[in-house]
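Trainee: Please see the structure below; I have some questions.
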Amino acid sequence: MSGTPLKDPLDLLDIASVLTGEEREIQATVAKFLADRVRPHIGEWFENAHFARELAPELGKLGVLGMHLEGYGCAGTNAVSYGLACLELEAADSGFRSFVSVQGSLSMFSIWKWGSQEQKQEWLPRLAAGEAIGCFGLTEPDFGSNPSGMRTKAVRDGDDWILNGSKMWITNGGIADVATVWAQTEDGVRGFLVPRGTPGFTTQDIKQKMSLRASITSELYFDQVRLPDSARLPLAEGLRGPLSCLNEARFGILFGVLGAARDSLQAAIGYADSRVQFGKPISAFQLTQKKLTDMTVSLGGAALLAVHLGRLKDQHRIRPEQISVGKLNNVREAIAIARECRTVLGANGVSLEYSPLRHANNLESVRTYEGTDEMHTLVVGQAITGYPAFR
Amino acid sequence: MNIVVLVKQVPDTSAERTLAGADHTLDRESADLVLDEIDERAAEEALTLKEDLGAEVTVVSMGPDAALEAIRKVLAMGADRGIHICDDGLRGADVVTTARVLAAAVRTVADVGLVLAGNATTDGQASAVPAMVADLLGLPQLTHARELNVDAGRVRAERETEHGETTLDAPLPALVSVTEKINEPRYPSFKGIMAAKKKPVETVGLDDLFPDADGTGFRTTRTRVVEAVPRPARVAGMRVTDDGSAGRRLVDHLIAQKLV
Amino acid sequence: MPDVLVLVDQDGERVHKSTYELLTAARRLGEPAAVVVGTPGTAARLEASLARHGARSVYAAESAEADEFLATPAVDALELAVGEASPAAVLVSATTDGKEVAGRLAARLDAGLLIDAVDVDSSGVVTQVVFGGSYTVRSQVTHGMPVITVRPGSFEAEECPVRAEEKKLTPPPVAAAACARITARRRAIAGDRPELTEATVVVSGGRGVGGAEGFRVVEELADALGGAVGASRAAVDAGYYPHRFQVGQTGKSVSPQLYIALGISGAIQHLAGMQTSKTIVAVNKDPEAPILDLADYGVVGDLFAVAPEVTRGVAARRTGG
């Protein structure tokens with residue numbers, strides 16, 4: 001190698017140089033926390049389908065939960081910092097990033113954006129501290145990409161509401177202290193805060209997953225659940241309510257998946273350097289170098305896209321179709337990288353001692369939730385052509 | 001009361017992001033600089049005492065611009081103010097100069113009850129600096145402390161070295177250096193990181209610290225490196241088959257390599 | 001020939017071997033003069049053995065409270081002795097205590113401090129091994145009197161019988177406000193090991209250790225070296241040793257000055273966690289074990305024969321002083 005050695009081969013483009021000191025510090029703090037508390041155990045947790053709930057208060061103490069929100073005990077960082085925290089979380093495991101996304105961008109954001117003062121005071125400080133856990137119920141067994149078809153219903157009964165229906169694929173569902181639940185009413189879609197223990201509200205965790213095993217995914221059931229009108233999110237009207245939350249979460253994802261890809265690539269580069277075949281490290285073979293190069297190129301591009309979208313978001317100029325570009329591209333690139341890294345690792349790549357296949361499996365979920373590739377393709381397609389082609 | 005913490009920025013030795021090249025060596029030159037891990041524990045101890053005693057914590061670091069990052073990190077953890085000693089005249093400073101400069105910086109802080117430092121920095125250099133600073137300030141040295149108690153104007157420490165443990169006791173003000181075992185440092189919170197930007201950091205140079213020094217210049221070093229030879233690259237290792245003497249020969253090898 | 005002051009390491013009854021090494025080194029620079037700091041009568045007890053190793057003068061800085069305070073009595077005594085003798089240099093053992101005493105003396109005298117010398121030549125140029133052995137550096141003092149700490153074991157102590165003259169020093173009474181008083185002493189606690197990731201020495205065991213009891217051999221060597229204990233994944237999975245000590249791809253990454261692998265074959269997952277170690281020693285029965293290719297020093301043999309031998313050798317060296 002000539003010239004000065006690369007400071008960090010995983011940041012060939014020196015994207016760190018366009019971050020502020022504060023952004024880098026926040027990123028480094030999350031990385032250090034995860035290195036100490038999560039990385040040594042994550043393979044085991046994934047294998048045993050264990051979510052380390054005890055880490056929630058610690059993440060709260062750091063300020064990770066609802067970090068990009070203002071007030072109510074939240075840190076109030078910028079969007080890029082939030083993205084970088086997601087990146088480091090997902091470099092450990094998508095399950096942790098999913099937990100944080102749902103807590104901060106779906107549960108907390110829905111309350112912060114659409115809730116009453118009383119609802120915010122009651123829930124946000126506890127959710128920010130990780131003392132309470134939140135979940136977000138929009139998707140149903142039969143309605144994923146098409147939430148407008150949802151069957152969960154809330155009907156008026158005097159001053160109260162009666163909620164019936166079920167929600168599926170709900171991250172944190174089984175451990176949540178409060179669920180933000182979206183339901184059809186005669187006035188259109190409305191959101192409700194349903195505390196754990198409300199009569200008629202039950203959950204069932206989904207077992208036998210091959211993805212996001214270190215996080216909890218559940219089904220929520222509502223059977224004649226009586227809620228006071230003060231449980232309704234007063235400012236949310238129509239699907240705009242839940243969709244605004246999804247845009248927040250997608251933003252975290254388009255950064256987060258870079259972490260899964262970087263961690264996979266790091267494993268592959270390290271392995272290729274120490275794995276000797278035919279008398280030399282496999283990193284010295286052209287086919288391996290092509291893999292590593294292609295992955296480095298695509299990771300660099302995805303990272304630049306994420307930082308750009310983060311800057312747009314911090315200037316309050318970001319548009320939903322731009323987020324769709326980011327989610328579509330970055331998840332697609334990340335899963336391709338994780339899978340390719342597995343091939344560099346050969347047989348060792350199927351062991352949980354190495355991260356790429358775990359990341360690839362996790363990314364199958366990430367690719368699907370918060371809008372599938374197909375839906376984001378159509379969002380962008382509509383933005384380009386003017387024609388909605390969803391149905 | 002003021003507590004002063006002395007910290008240093010060192011190359012990041014964690015192997016997380018380093019690549020072993022063909023010669024299996026760690027590229028330390030290209031490593032990022034980070035707050036020294038033991039100094040981080042000294043900072044943690046200061047911040048715990050701050051809460052217990054209602055003290056203020058001043059963090060002091062000597063070095064080029066990168067030292068400011070170490071100061072910011074401790075401010076993010078909760079320290080109140082920083083002093084950054086930055087002067088081109090300090091390039092290549094020897095241990096005695098380092099101690100003199102740090103002592104001078106501590107003197108600029110009023111009502112100092114305690115000076116805290118790490119007992120050694122992870123980049124491996126002189127573990128004597130805290131004791132030297134104590135001597136120059138006329139403070140008792142409670143160095144290599146694995147446990148620390150401050151109460152009623154006195155400080156007690158459990159000193160741990162290769163010779164065993166001793167209990168030390170001294171009146172305040174005093175200087176304490178801590179070992180890696182003293183505590184687990186906190187992570188800075190995001191709020192702390194953002195608040196750190198607004199905390200005061202004073203940048204001082206030699207003129208500020210030694211206003212009375214005459215014009216002949218400040219002595220930066222009293223020693224000179226005559227020659228520096230890198231250790232030969234890792235060669236094919238030695239291999240012995242045990243014939244009953246391998247243990248003894250290994251000890252001899254370790255002694256010859258200055259490893260024991 | 002000018003005097004060269006040597007601070008005597010002693011326990012009140014006996015001079016430590018490191019002091020004889022310093023006296024040997026001092027002869028290259030001038031006439032060795034020993035400085036004894038202790039309670040009254042100490043110097044008289046030690047004088048004969050110091051003279052046998054070449055000390056022409058023995059400065060006695062004795063007081064009832066000499067052992068009650070940390071470091072300061074030795075610094076005060078050396079400062080006085082320097083005033084008396086105007087020496088060419090001061091030599092102190094590079095122990096934790098010695099480095100602090102030497103540093104404080106140099107700070108007081110604005111002297112040149114050379115730390116951790118492994119060799120000294122007659123012109124006062126010292127050799128140091130720095131950055132964990134990656135560089136050998138030769139340095140000298142350019143201003144003030146040289147204060148040199150010498151790494152124990154760097155010199156072969158040689159006898160050189162002379163007649164020693166005892167010289168009394170009268171140190172000032174210790175200023176209690178500027179000193180730490182030693183109120184209790186305990187021997188090092190066995191088994192109290194450094195953090196795996198921060199240790200300068202790591203001794204790890206693998207499947208070849210054969211069982212949980214076998215790890216005692218690993219622990220004993222680690223303790224003799226003041227190091228941490230590690231384990232390979234195979235040993236952890238087999239239940240020989242707790243998971244938190246696992247070194248490797250999953251587990252901790254370590255980069256100590258010395259890594260000793262006992263009964264570890266060197267699967268790629270293990271190498272990932274320790275290959276940046278400065279010096280790697282491996283003991284394995286299997287001559288084909290991959291770790292032997294990476295090791296700076298490989299022993300093909302039974303770890304249960306080799307490791308205890310090393311433990312004894314290291315312990316003998318450590319207590320030899």
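Starting from 1 in every chain, residues are counted up; chains themselves are A, B, ... following the order of the structure tokens, and ligands are numbered from 1 as listed.
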Find the residues around B:Met62 up to 7 Å (only C-alpha atoms counted), leave out those fewer than 6 positions away in its own chain, and share them as a PyMOL selection string.
Mentor: chain B and resi 84-86
Trainee: Each residue of chain A lying at most 9 Å from chain C should get a row with its shortest atom-to-atom pair and the distance in Å to one decimal, counting only C-alpha atoms; could you produce that, ordered by chain and increasing number, as JSON lines?
Mentor:
{"residue": "A:Arg39", "atom": "CA", "partner": "C:Thr250", "partner_atom": "CA", "distance": 8.2}
{"residue": "A:Pro40", "atom": "CA", "partner": "C:Gly251", "partner_atom": "CA", "distance": 5.5}
{"residue": "A:His41", "atom": "CA", "partner": "C:Thr250", "partner_atom": "CA", "distance": 8.2}
{"residue": "A:Gly43", "atom": "CA", "partner": "C:Thr250", "partner_atom": "CA", "distance": 8.0}
{"residue": "A:Gly270", "atom": "CA", "partner": "C:Ala272", "partner_atom": "CA", "distance": 7.9}
{"residue": "A:Tyr271", "atom": "CA", "partner": "C:Ala272", "partner_atom": "CA", "distance": 8.0}
{"residue": "A:Ser274", "atom": "CA", "partner": "C:Ile268", "partner_atom": "CA", "distance": 7.2}
{"residue": "A:Arg275", "atom": "CA", "partner": "C:Ile268", "partner_atom": "CA", "distance": 7.2}
{"residue": "A:Leu352", "atom": "CA", "partner": "C:Thr250", "partner_atom": "CA", "distance": 8.8}
{"residue": "A:Glu353", "atom": "CA", "partner": "C:Thr250", "partner_atom": "CA", "distance": 5.7}
{"residue": "A:Tyr354", "atom": "CA", "partner": "C:Gln249", "partner_atom": "CA", "distance": 7.4}
Trainee: What would the file look like if the residues just selected were written as a JSON list (two decimals), in the first residue's frame with N, CA and C atoms?
Mentor:
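The result, written out as out15.json:
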[["chain", "number", "residue", "atom", "x", "y", "z"],
["A", 39, "ARG", "N", -22.70, -6.27, 22.22],
["A", 39, "ARG", "CA", -21.95, -7.10, 21.29],
["A", 39, "ARG", "C", -21.46, -8.43, 21.86],
["A", 40, "PRO", "N", -20.97, -8.43, 23.12],
["A", 40, "PRO", "CA", -20.48, -9.73, 23.61],
["A", 40, "PRO", "C", -21.58, -10.80, 23.69],
["A", 41, "HIS", "N", -22.85, -10.38, 23.74],
["A", 41, "HIS", "CA", -23.92, -11.34, 23.98],
["A", 41, "HIS", "C", -24.86, -11.54, 22.80],
["A", 43, "GLY", "N", -24.95, -12.69, 19.77],
["A", 43, "GLY", "CA", -25.14, -13.96, 19.08],
["A", 43, "GLY", "C", -25.99, -14.92, 19.90],
["A", 270, "GLY", "N", -11.99, -8.46, 7.79],
["A", 270, "GLY", "CA", -11.12, -9.05, 8.81],
["A", 270, "GLY", "C", -10.88, -10.53, 8.56],
["A", 271, "TYR", "N", -11.94, -11.20, 8.20],
["A", 271, "TYR", "CA", -11.83, -12.64, 7.97],
["A", 271, "TYR", "C", -10.97, -12.92, 6.74],
["A", 274, "SER", "N", -7.34, -12.84, 7.43],
["A", 274, "SER", "CA", -6.70, -13.87, 8.24],
["A", 274, "SER", "C", -6.93, -15.29, 7.70],
["A", 275, "ARG", "N", -7.86, -15.43, 6.79],
["A", 275, "ARG", "CA", -8.12, -16.75, 6.23],
["A", 275, "ARG", "C", -7.14, -17.03, 5.09],
["A", 352, "LEU", "N", -23.09, -18.32, 14.13],
["A", 352, "LEU", "CA", -23.47, -17.06, 14.79],
["A", 352, "LEU", "C", -22.27, -16.33, 15.37],
["A", 353, "GLU", "N", -21.09, -16.94, 15.27],
["A", 353, "GLU", "CA", -19.91, -16.22, 15.71],
["A", 353, "GLU", "C", -19.63, -15.04, 14.80],
["A", 354, "TYR", "N", -20.12, -15.09, 13.59],
["A", 354, "TYR", "CA", -19.93, -13.99, 12.64],
["A", 354, "TYR", "C", -21.28, -13.36, 12.35]]
Trainee: What is the distance, in Å and to one decimal place, between atom CA of B:Ala117 and atom CA of B:Leu259?
Mentor: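 It comes out at 27.0 Å.
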Trainee: So that I can check the secondary structure, give me every residue of stretch 4-226 of chain B assigned helix (DSSP H, G or I) by backbone DSSP, as a VMD selection string.
Mentor: chain B and resid 15 to 17 37 to 53 66 to 77 88 to 90 95 to 107 129 to 137 190 to 196 206 to 209
Trainee: Give me the residues near stretch 171-175 of chain B as a PDB file with C-alpha atoms, in the first residue's frame, where near means some atom within 9 Å (using only C-alpha atoms) and where sequence neighbours in that chain fewer than 3 positions away do not count.
Mentor:
ATOM      1  CA  ASP B 111      -9.869  26.484  46.369  1.00  0.00           C
ATOM      2  CA  VAL B 112      -8.624  23.146  45.044  1.00  0.00           C
ATOM      3  CA  GLY B 113      -9.466  20.333  47.452  1.00  0.00           C
ATOM      4  CA  LEU B 114      -8.449  17.416  45.309  1.00  0.00           C
ATOM      5  CA  VAL B 115      -6.451  16.768  42.166  1.00  0.00           C
ATOM      6  CA  LEU B 116      -7.300  13.504  40.377  1.00  0.00           C
ATOM      7  CA  ALA B 117      -5.480  11.688  37.587  1.00  0.00           C
ATOM      8  CA  PRO B 130       0.864  12.508  39.202  1.00  0.00           C
ATOM      9  CA  ALA B 131       3.421  12.112  42.008  1.00  0.00           C
ATOM     10  CA  VAL B 133       2.639  17.194  40.160  1.00  0.00           C
ATOM     11  CA  ALA B 134       1.868  16.506  43.834  1.00  0.00           C
ATOM     12  CA  GLY B 138       3.258  20.515  47.915  1.00  0.00           C
ATOM     13  CA  LEU B 139       0.330  18.117  48.111  1.00  0.00           C
ATOM     14  CA  PRO B 140       0.271  14.629  49.627  1.00  0.00           C
ATOM     15  CA  GLN B 141       0.411  11.968  46.897  1.00  0.00           C
ATOM     16  CA  LEU B 142      -2.132   9.181  47.212  1.00  0.00           C
ATOM     17  CA  THR B 143      -1.221   7.355  44.043  1.00  0.00           C
ATOM     18  CA  VAL B 150     -13.127  11.655  51.075  1.00  0.00           C
ATOM     19  CA  GLY B 153     -11.334  17.141  55.285  1.00  0.00           C
ATOM     20  CA  ARG B 154      -9.319  13.950  54.884  1.00  0.00           C
ATOM     21  CA  VAL B 155      -8.778  11.509  52.078  1.00  0.00           C
ATOM     22  CA  ARG B 156      -8.125   7.795  52.413  1.00  0.00           C
TER      23      ARG B 156
ATOM     24  CA  ALA C 176       2.266  16.088  57.560  1.00  0.00           C
ATOM     25  CA  ALA C 177       0.132  18.326  55.349  1.00  0.00           C
ATOM     26  CA  ALA C 178       2.199  17.442  52.292  1.00  0.00           C
ATOM     27  CA  CYS C 179       2.484  13.700  52.872  1.00  0.00           C
ATOM     28  CA  ALA C 180       0.344  10.616  52.696  1.00  0.00           C
TER      29      ALA C 180
END
